[in-house]
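*Asks:* Coordinates in coords.pdb, PDB, C-alpha atoms, pLDDT in the B column, are listed below.
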```pdb
MODEL        1
ATOM      1  CA  MET D 151     103.956 118.155 107.767  1.00 57.00           C
ATOM      2  CA  SER D 152     103.099 119.141 104.227  1.00 63.00           C
ATOM      3  CA  ARG D 153      99.919 118.095 102.494  1.00 61.00           C
ATOM      4  CA  PRO D 154     100.091 116.166  99.252  1.00 62.00           C
ATOM      5  CA  ALA D 155      99.087 118.110  96.157  1.00 61.00           C
ATOM      6  CA  LEU D 156      95.500 117.560  95.095  1.00 63.00           C
ATOM      7  CA  GLU D 157      95.178 115.552  91.948  1.00 70.00           C
ATOM      8  CA  ARG D 158      93.111 117.150  89.245  1.00 69.00           C
ATOM      9  CA  PRO D 159      90.478 114.890  87.741  1.00 69.00           C
ATOM     10  CA  ALA D 160      90.822 113.630  84.191  1.00 77.00           C
ATOM     11  CA  VAL D 161      88.934 115.806  81.723  1.00 73.00           C
ATOM     12  CA  PRO D 162      87.310 114.372  78.585  1.00 77.00           C
ATOM     13  CA  ALA D 163      88.629 115.633  75.254  1.00 77.00           C
ATOM     14  CA  GLY D 164      86.907 118.816  74.095  1.00 72.00           C
ATOM     15  CA  VAL D 165      85.744 119.833  77.579  1.00 73.00           C
ATOM     16  CA  VAL D 166      87.207 122.910  79.245  1.00 67.00           C
ATOM     17  CA  PRO D 167      88.358 121.938  82.737  1.00 68.00           C
ATOM     18  CA  TYR D 168      86.659 123.907  85.497  1.00 65.00           C
ATOM     19  CA  PHE D 169      90.045 124.664  87.015  1.00 68.00           C
ATOM     20  CA  ASP D 170      91.287 126.416  83.871  1.00 74.00           C
ATOM     21  CA  PHE D 171      89.748 129.789  84.679  1.00 80.00           C
ATOM     22  CA  ALA D 172      91.370 131.726  81.833  1.00 84.00           C
ATOM     23  CA  ARG D 173      90.160 129.233  79.222  1.00 83.00           C
ATOM     24  CA  THR D 174      86.689 129.042  80.797  1.00 84.00           C
ATOM     25  CA  LEU D 175      86.435 132.834  80.715  1.00 89.00           C
ATOM     26  CA  ALA D 176      87.586 132.982  77.093  1.00 92.00           C
ATOM     27  CA  VAL D 177      84.979 130.400  76.008  1.00 90.00           C
ATOM     28  CA  THR D 178      82.246 132.173  78.001  1.00 91.00           C
ATOM     29  CA  VAL D 179      83.098 135.571  76.523  1.00 96.00           C
ATOM     30  CA  GLU D 180      83.091 134.156  72.988  1.00 96.00           C
ATOM     31  CA  LYS D 181      79.683 132.512  73.530  1.00 93.00           C
ATOM     32  CA  ALA D 182      78.333 135.721  75.063  1.00 96.00           C
ATOM     33  CA  ARG D 183      79.522 137.739  72.048  1.00 97.00           C
ATOM     34  CA  HIS D 184      77.853 135.332  69.635  1.00 96.00           C
ATOM     35  CA  ASN D 185      74.578 134.985  71.534  1.00 95.00           C
ATOM     36  CA  ILE D 186      74.030 138.681  72.320  1.00 97.00           C
ATOM     37  CA  VAL D 187      74.352 139.554  68.631  1.00 97.00           C
ATOM     38  CA  ARG D 188      71.735 136.942  67.750  1.00 96.00           C
ATOM     39  CA  LEU D 189      69.407 138.080  70.535  1.00 95.00           C
ATOM     40  CA  ALA D 190      69.740 141.741  69.530  1.00 96.00           C
ATOM     41  CA  GLU D 191      69.031 140.861  65.881  1.00 96.00           C
ATOM     42  CA  ARG D 192      65.897 138.872  66.765  1.00 94.00           C
ATOM     43  CA  PRO D 193      64.687 139.326  70.346  1.00 94.00           C
ATOM     44  CA  CYS D 194      62.994 136.144  71.493  1.00 92.00           C
ATOM     45  CA  ALA D 195      62.751 133.719  74.375  1.00 90.00           C
ATOM     46  CA  VAL D 196      65.837 131.533  74.636  1.00 88.00           C
ATOM     47  CA  PRO D 197      64.907 128.970  77.290  1.00 84.00           C
ATOM     48  CA  PHE D 198      66.966 125.876  76.596  1.00 81.00           C
ATOM     49  CA  ALA D 199      68.956 124.146  73.910  1.00 81.00           C
ATOM     50  CA  THR D 200      70.343 120.660  74.148  1.00 83.00           C
ATOM     51  CA  ASP D 201      72.150 121.300  70.847  1.00 84.00           C
ATOM     52  CA  GLY D 202      73.525 124.723  71.860  1.00 79.00           C
ATOM     53  CA  ASN D 203      71.237 126.700  69.521  1.00 85.00           C
ATOM     54  CA  TYR D 204      69.075 128.773  71.861  1.00 85.00           C
ATOM     55  CA  PHE D 205      67.321 130.611  69.074  1.00 89.00           C
ATOM     56  CA  THR D 206      64.955 127.972  67.707  1.00 87.00           C
ATOM     57  CA  HIS D 207      62.270 128.348  70.396  1.00 83.00           C
ATOM     58  CA  ALA D 208      59.016 129.828  69.052  1.00 85.00           C
ATOM     59  CA  GLU D 209      58.158 132.017  72.069  1.00 87.00           C
ATOM     60  CA  GLY D 210      58.612 135.754  71.552  1.00 89.00           C
ATOM     61  CA  PHE D 211      60.452 138.187  73.791  1.00 89.00           C
ATOM     62  CA  VAL D 212      57.313 139.818  75.217  1.00 87.00           C
ATOM     63  CA  ASP D 213      55.430 136.531  75.723  1.00 87.00           C
ATOM     64  CA  ILE D 214      54.445 135.850  79.310  1.00 83.00           C
ATOM     65  CA  GLY D 215      56.794 132.928  79.818  1.00 80.00           C
ATOM     66  CA  ASN D 216      59.962 134.679  78.704  1.00 83.00           C
ATOM     67  CA  TRP D 217      62.471 135.418  81.405  1.00 83.00           C
ATOM     68  CA  THR D 218      65.397 133.434  80.050  1.00 85.00           C
ATOM     69  CA  SER D 219      66.596 136.089  77.590  1.00 88.00           C
ATOM     70  CA  SER D 220      68.225 137.867  80.500  1.00 88.00           C
ATOM     71  CA  PHE D 221      70.670 135.003  80.942  1.00 90.00           C
ATOM     72  CA  HIS D 222      72.202 136.190  77.677  1.00 92.00           C
ATOM     73  CA  THR D 223      72.138 139.907  78.516  1.00 92.00           C
ATOM     74  CA  GLY D 224      73.613 139.105  81.928  1.00 92.00           C
ATOM     75  CA  LYS D 225      76.393 136.992  80.423  1.00 93.00           C
ATOM     76  CA  ALA D 226      77.130 139.688  77.827  1.00 96.00           C
ATOM     77  CA  LEU D 227      77.399 142.323  80.555  1.00 94.00           C
ATOM     78  CA  LEU D 228      79.692 140.093  82.622  1.00 93.00           C
ATOM     79  CA  ALA D 229      81.795 139.592  79.499  1.00 96.00           C
ATOM     80  CA  PHE D 230      81.848 143.367  79.027  1.00 95.00           C
ATOM     81  CA  GLU D 231      83.074 143.814  82.597  1.00 93.00           C
ATOM     82  CA  ALA D 232      85.825 141.265  82.004  1.00 94.00           C
ATOM     83  CA  THR D 233      86.967 142.569  78.607  1.00 95.00           C
ATOM     84  CA  ARG D 234      85.670 146.132  78.239  1.00 93.00           C
ATOM     85  CA  GLY D 235      84.577 145.029  74.773  1.00 93.00           C
ATOM     86  CA  HIS D 236      82.200 147.874  73.954  1.00 95.00           C
ATOM     87  CA  GLU D 237      80.545 145.900  71.154  1.00 96.00           C
ATOM     88  CA  LEU D 238      78.948 143.771  73.894  1.00 96.00           C
ATOM     89  CA  LEU D 239      77.478 146.854  75.532  1.00 94.00           C
ATOM     90  CA  ARG D 240      76.269 148.145  72.162  1.00 96.00           C
ATOM     91  CA  HIS D 241      74.357 144.929  71.415  1.00 97.00           C
ATOM     92  CA  VAL D 242      72.837 144.789  74.908  1.00 95.00           C
ATOM     93  CA  ASN D 243      71.681 148.393  74.467  1.00 93.00           C
ATOM     94  CA  ARG D 244      69.961 147.428  71.204  1.00 96.00           C
ATOM     95  CA  LEU D 245      67.487 145.476  73.356  1.00 93.00           C
ATOM     96  CA  GLY D 246      66.302 148.530  75.284  1.00 90.00           C
ATOM     97  CA  GLU D 247      63.124 148.954  73.276  1.00 91.00           C
ATOM     98  CA  VAL D 248      61.897 145.380  73.794  1.00 91.00           C
ATOM     99  CA  TYR D 249      62.743 145.419  77.503  1.00 87.00           C
ATOM    100  CA  GLU D 250      60.792 148.674  77.833  1.00 85.00           C
ATOM    101  CA  ALA D 251      57.865 147.263  75.817  1.00 87.00           C
ATOM    102  CA  LYS D 252      57.616 144.179  78.028  1.00 84.00           C
ATOM    103  CA  VAL D 253      56.692 146.291  81.067  1.00 80.00           C
ATOM    104  CA  THR D 254      54.710 148.985  79.252  1.00 82.00           C
ATOM    105  CA  ARG D 255      52.837 148.076  76.053  1.00 84.00           C
ATOM    106  CA  HIS D 256      52.848 144.345  76.895  1.00 83.00           C
ATOM    107  CA  ARG D 257      52.597 144.575  80.655  1.00 76.00           C
ATOM    108  CA  ALA D 258      49.569 142.270  80.697  1.00 77.00           C
ATOM    109  CA  ASP D 259      52.033 139.587  79.581  1.00 75.00           C
ATOM    110  CA  THR D 260      54.413 139.941  82.506  1.00 74.00           C
ATOM    111  CA  MET D 261      54.835 137.621  85.443  1.00 71.00           C
ATOM    112  CA  HIS D 262      56.632 137.031  88.716  1.00 68.00           C
ATOM    113  CA  ASP D 263      60.039 136.685  87.041  1.00 73.00           C
ATOM    114  CA  LEU D 264      60.339 140.374  86.216  1.00 75.00           C
ATOM    115  CA  GLY D 265      62.925 140.912  88.932  1.00 74.00           C
ATOM    116  CA  PHE D 266      65.189 138.335  87.340  1.00 76.00           C
ATOM    117  CA  LEU D 267      64.545 139.626  83.829  1.00 77.00           C
ATOM    118  CA  TYR D 268      65.355 143.240  84.690  1.00 77.00           C
ATOM    119  CA  SER D 269      68.105 142.644  87.267  1.00 80.00           C
ATOM    120  CA  LEU D 270      70.319 141.169  84.564  1.00 80.00           C
ATOM    121  CA  TYR D 271      69.461 143.936  82.123  1.00 82.00           C
ATOM    122  CA  SER D 272      68.455 147.341  83.490  1.00 82.00           C
ATOM    123  CA  VAL D 273      70.029 147.111  86.926  1.00 82.00           C
ATOM    124  CA  VAL D 274      73.422 145.969  85.623  1.00 85.00           C
ATOM    125  CA  LEU D 275      73.369 148.473  82.751  1.00 87.00           C
ATOM    126  CA  TYR D 276      72.602 151.295  85.169  1.00 85.00           C
ATOM    127  CA  ARG D 277      75.395 150.201  87.500  1.00 87.00           C
ATOM    128  CA  LEU D 278      77.888 149.894  84.644  1.00 88.00           C
ATOM    129  CA  THR D 279      76.997 153.073  82.769  1.00 87.00           C
ATOM    130  CA  GLY D 280      75.032 155.313  85.146  1.00 86.00           C
ATOM    131  CA  GLY D 281      72.624 155.938  82.253  1.00 82.00           C
ATOM    132  CA  LEU D 282      69.313 157.185  83.619  1.00 74.00           C
ATOM    133  CA  GLU D 283      67.483 155.590  80.665  1.00 79.00           C
ATOM    134  CA  HIS D 284      68.148 152.218  82.296  1.00 75.00           C
ATOM    135  CA  ARG D 285      66.216 153.142  85.429  1.00 73.00           C
ATOM    136  CA  ARG D 286      62.788 153.404  83.759  1.00 66.00           C
ATOM    137  CA  PRO D 287      62.350 149.722  82.717  1.00 59.00           C
ATOM    138  CA  ARG D 288      63.647 148.619  86.118  1.00 52.00           C
ATOM    139  CA  ALA D 289      61.194 150.904  87.918  1.00 55.00           C
ATOM    140  CA  ASN D 290      58.282 149.756  85.732  1.00 57.00           C
ATOM    141  CA  SER D 291      59.107 146.114  86.440  1.00 57.00           C
ATOM    142  CA  ALA D 292      59.102 146.777  90.182  1.00 54.00           C
ATOM    143  CA  ARG D 293      55.649 148.386  90.294  1.00 56.00           C
ATOM    144  CA  PRO D 294      53.020 146.427  92.201  1.00 47.00           C
ATOM    145  CA  HIS D 295      50.522 144.735  89.901  1.00 44.00           C
ATOM    146  CA  ALA D 296      52.723 145.285  86.883  1.00 46.00           C
ATOM    147  CA  SER D 297      50.970 142.345  85.258  1.00 44.00           C
ATOM    148  CA  SER D 298      47.536 144.009  85.443  1.00 46.00           C
ATOM    149  CA  PRO D 299      46.620 146.565  82.802  1.00 47.00           C
ATOM    150  CA  SER D 300      45.478 149.903  84.284  1.00 45.00           C
TER     151      SER D 300
ENDMDL
END
```
Written as structure tokens, how would this file's structure read?
*Replies:*
Amino acid sequence: MSRPALERPAVPAGVVPYFDFARTLAVTVEKARHNIVRLAERPCAVPFATDGNYFTHAEGFVDIGNWTSSFHTGKALLAFEATRGHELLRHVNRLGEVYEAKVTRHRADTMHDLGFLYSLYSVVLYRLTGGLEHRRPRANSARPHASSPS
């Protein structure tokens, strides 16, 4: 006995249906391209945006509460994996200095979310490129008492 085909739910106009993987990926890649350029131009915290503009929050990249910037680096690196669009990798790499500064010069302003912050930046970059320069920020973020100045 055959099963009836599942009906797909109605989708409101302007919304990408979750079952349209190709379209969902295309929209995600386009957003990642746009947002990683903005983040690389002005590194900052990008915690939330009900209007879709993540870059109006006043908190800086090295401020203690910032961990959300890595959502954008992570999405850009996923988009790079999907497209091999090297411009994505180039813009993510532009953030190396601020990621390094967060766990060195500004390490008193770090917190428990360092694993998340650096997993979506240094760890993925190292896995994608094998570049040894991506190991240092990851290692600094993993040190015990990283939030205490020496």
*Asks:* With a distance cut-off of 7 Å and only C-alpha atoms, select the neighbouring residues of stretch 230-246 of chain D, excluding the residue or stretch itself and same-chain residues fewer than 2 positions from it, and output the selection as a list of chain:residue names.
*Replies:*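 Within the cut-off, the hits are D:Arg183, D:Ile186, D:Val187, D:Ala190, D:Thr223, D:Ala226, D:Leu227, D:Leu228, D:Val248, D:Tyr249, D:Glu250.
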*Asks:* Evaluate the PyMOL selection byres ((chain D and resi 267) around 9) here and jot the selected residues down as a VMD selection string.
*Replies:* chain D and resid 216 to 221 249 263 to 266 268 to 272 291
*Asks:* For this structure, which residues satisfy the selection - the PyMOL selection byres ((chain D and resi 200-203) around 12) - when it is evaluated on the file as given? I want them as an MDAnalysis selection string.
*Replies:* chainID D and resid 181 184:185 188:189 196:199 204:207
*Asks:* Can you write out the residues you just picked, keeping C-alpha atoms, as a tab-separated table (two decimals), keeping the file's coordinate frame?
*Replies:*
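The result, stored in result-v1.tsv:
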```tsv
chain	number	residue	atom	x	y	z
D	181	LYS	CA	79.68	132.51	73.53
D	184	HIS	CA	77.85	135.33	69.64
D	185	ASN	CA	74.58	134.99	71.53
D	188	ARG	CA	71.74	136.94	67.75
D	189	LEU	CA	69.41	138.08	70.54
D	196	VAL	CA	65.84	131.53	74.64
D	197	PRO	CA	64.91	128.97	77.29
D	198	PHE	CA	66.97	125.88	76.60
D	199	ALA	CA	68.96	124.15	73.91
D	204	TYR	CA	69.08	128.77	71.86
D	205	PHE	CA	67.32	130.61	69.07
D	206	THR	CA	64.96	127.97	67.71
D	207	HIS	CA	62.27	128.35	70.40
```
*Asks:* Just give me the gap between atom CA of D:Met261 and atom CA of D:Thr178 in Å, one decimal is fine.
*Replies:*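 Spanning atom CA of D:Met261 to atom CA of D:Thr178 is a straight-line distance of 28.9 Å.
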*Asks:* I'd like the interatomic distance between atom CA of D:Phe211 and atom CA of D:Glu247, to a tenth of an Å.
*Replies:*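 Rounded to one decimal, the two atoms are 11.1 Å apart.
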*Asks:* So how many Å separate atom CA of D:Gly215 and atom CA of D:His284, to one decimal?
*Replies:*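 Value for the atom CA of D:Gly215-atom CA of D:His284 distance: 22.5 Å.
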*Asks:* Kindly list the centre and edge lengths in Å, rounded to one decimal, for the axis-aligned box that covers all listed atoms of stretch 173-189 of chain D plus 3 Å on each of its six sides, as JSON.
*Replies:*
```
{"center_x": 79.8, "center_y": 134.3, "center_z": 74.3, "size_x": 26.8, "size_y": 16.5, "size_z": 19.0}
```
*Asks:* Compare D:Glu157, D:Asp213, D:Glu180, D:Glu191 by their minimum atom-to-atom distance to D:Arg255, counting only C-alpha atoms, and give me the closest one.
*Replies:*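 For D:Arg255, the nearest of the given residues is D:Asp213.
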*Asks:* Assuming the chain letters and numbering stay as they are in my file, what does the PyMOL selection byres ((chain D and resi 256) around 9) actually select? List them as a ChimeraX atom specification.
*Replies:* /D:212-214,251-255,257-260,297,299
*Asks:* Please, can stretch 197-220 of chain D be completed to N, CA and C atoms and returned as a PDB file, keeping the file's coordinate frame?
*Replies:*
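Writing the result to part_2.pdb gives the following:
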```pdb
ATOM      1  N   PRO D 197      64.976 129.724  76.049  1.00 84.00           N
ATOM      2  CA  PRO D 197      64.907 128.970  77.290  1.00 84.00           C
ATOM      3  C   PRO D 197      65.877 127.807  77.451  1.00 84.00           C
ATOM      4  N   PHE D 198      66.112 127.050  76.447  1.00 81.00           N
ATOM      5  CA  PHE D 198      66.966 125.876  76.596  1.00 81.00           C
ATOM      6  C   PHE D 198      67.406 125.417  75.219  1.00 81.00           C
ATOM      7  N   ALA D 199      68.484 124.668  75.187  1.00 81.00           N
ATOM      8  CA  ALA D 199      68.956 124.146  73.910  1.00 81.00           C
ATOM      9  C   ALA D 199      69.917 123.003  74.173  1.00 81.00           C
ATOM     10  N   THR D 200      69.451 121.800  73.958  1.00 83.00           N
ATOM     11  CA  THR D 200      70.343 120.660  74.148  1.00 83.00           C
ATOM     12  C   THR D 200      71.431 120.626  73.078  1.00 83.00           C
ATOM     13  N   ASP D 201      71.158 121.288  71.932  1.00 84.00           N
ATOM     14  CA  ASP D 201      72.150 121.300  70.847  1.00 84.00           C
ATOM     15  C   ASP D 201      72.986 122.579  70.832  1.00 84.00           C
ATOM     16  N   GLY D 202      72.760 123.490  71.793  1.00 79.00           N
ATOM     17  CA  GLY D 202      73.525 124.723  71.860  1.00 79.00           C
ATOM     18  C   GLY D 202      72.946 125.875  71.054  1.00 79.00           C
ATOM     19  N   ASN D 203      71.873 125.638  70.292  1.00 85.00           N
ATOM     20  CA  ASN D 203      71.237 126.700  69.521  1.00 85.00           C
ATOM     21  C   ASN D 203      69.999 127.180  70.280  1.00 85.00           C
ATOM     22  N   TYR D 204      70.153 128.260  71.022  1.00 85.00           N
ATOM     23  CA  TYR D 204      69.075 128.773  71.861  1.00 85.00           C
ATOM     24  C   TYR D 204      67.983 129.485  71.081  1.00 85.00           C
ATOM     25  N   PHE D 205      68.189 129.716  69.812  1.00 89.00           N
ATOM     26  CA  PHE D 205      67.321 130.611  69.074  1.00 89.00           C
ATOM     27  C   PHE D 205      66.300 129.910  68.185  1.00 89.00           C
ATOM     28  N   THR D 206      65.955 128.692  68.495  1.00 87.00           N
ATOM     29  CA  THR D 206      64.955 127.972  67.707  1.00 87.00           C
ATOM     30  C   THR D 206      63.603 127.916  68.405  1.00 87.00           C
ATOM     31  N   HIS D 207      63.519 128.375  69.634  1.00 83.00           N
ATOM     32  CA  HIS D 207      62.270 128.348  70.396  1.00 83.00           C
ATOM     33  C   HIS D 207      61.289 129.348  69.792  1.00 83.00           C
ATOM     34  N   ALA D 208      60.015 128.998  69.735  1.00 85.00           N
ATOM     35  CA  ALA D 208      59.016 129.828  69.052  1.00 85.00           C
ATOM     36  C   ALA D 208      58.506 131.005  69.896  1.00 85.00           C
ATOM     37  N   GLU D 209      58.706 130.973  71.199  1.00 87.00           N
ATOM     38  CA  GLU D 209      58.158 132.017  72.069  1.00 87.00           C
ATOM     39  C   GLU D 209      58.855 133.360  71.837  1.00 87.00           C
ATOM     40  N   GLY D 210      58.062 134.427  71.781  1.00 89.00           N
ATOM     41  CA  GLY D 210      58.612 135.754  71.552  1.00 89.00           C
ATOM     42  C   GLY D 210      59.131 136.399  72.826  1.00 89.00           C
ATOM     43  N   PHE D 211      59.841 137.497  72.660  1.00 89.00           N
ATOM     44  CA  PHE D 211      60.452 138.187  73.791  1.00 89.00           C
ATOM     45  C   PHE D 211      59.408 138.683  74.789  1.00 89.00           C
ATOM     46  N   VAL D 212      58.307 139.242  74.307  1.00 87.00           N
ATOM     47  CA  VAL D 212      57.313 139.818  75.217  1.00 87.00           C
ATOM     48  C   VAL D 212      56.286 138.801  75.691  1.00 87.00           C
ATOM     49  N   ASP D 213      56.362 137.554  75.256  1.00 87.00           N
ATOM     50  CA  ASP D 213      55.430 136.531  75.723  1.00 87.00           C
ATOM     51  C   ASP D 213      55.572 136.336  77.224  1.00 87.00           C
ATOM     52  N   ILE D 214      54.488 135.911  77.852  1.00 83.00           N
ATOM     53  CA  ILE D 214      54.445 135.850  79.310  1.00 83.00           C
ATOM     54  C   ILE D 214      55.500 134.935  79.922  1.00 83.00           C
ATOM     55  N   GLY D 215      55.848 133.872  79.246  1.00 80.00           N
ATOM     56  CA  GLY D 215      56.794 132.928  79.818  1.00 80.00           C
ATOM     57  C   GLY D 215      58.256 133.299  79.668  1.00 80.00           C
ATOM     58  N   ASN D 216      58.555 134.371  78.948  1.00 83.00           N
ATOM     59  CA  ASN D 216      59.962 134.679  78.704  1.00 83.00           C
ATOM     60  C   ASN D 216      60.605 135.418  79.866  1.00 83.00           C
ATOM     61  N   TRP D 217      61.584 134.790  80.423  1.00 83.00           N
ATOM     62  CA  TRP D 217      62.471 135.418  81.405  1.00 83.00           C
ATOM     63  C   TRP D 217      63.909 135.007  81.136  1.00 83.00           C
ATOM     64  N   THR D 218      64.077 134.017  80.279  1.00 85.00           N
ATOM     65  CA  THR D 218      65.397 133.434  80.050  1.00 85.00           C
ATOM     66  C   THR D 218      66.307 134.294  79.182  1.00 85.00           C
ATOM     67  N   SER D 219      65.759 135.228  78.431  1.00 88.00           N
ATOM     68  CA  SER D 219      66.596 136.089  77.590  1.00 88.00           C
ATOM     69  C   SER D 219      67.638 136.831  78.417  1.00 88.00           C
ATOM     70  N   SER D 220      67.291 137.117  79.656  1.00 88.00           N
ATOM     71  CA  SER D 220      68.225 137.867  80.500  1.00 88.00           C
ATOM     72  C   SER D 220      69.458 137.067  80.892  1.00 88.00           C
TER      73      SER D 220
END
```
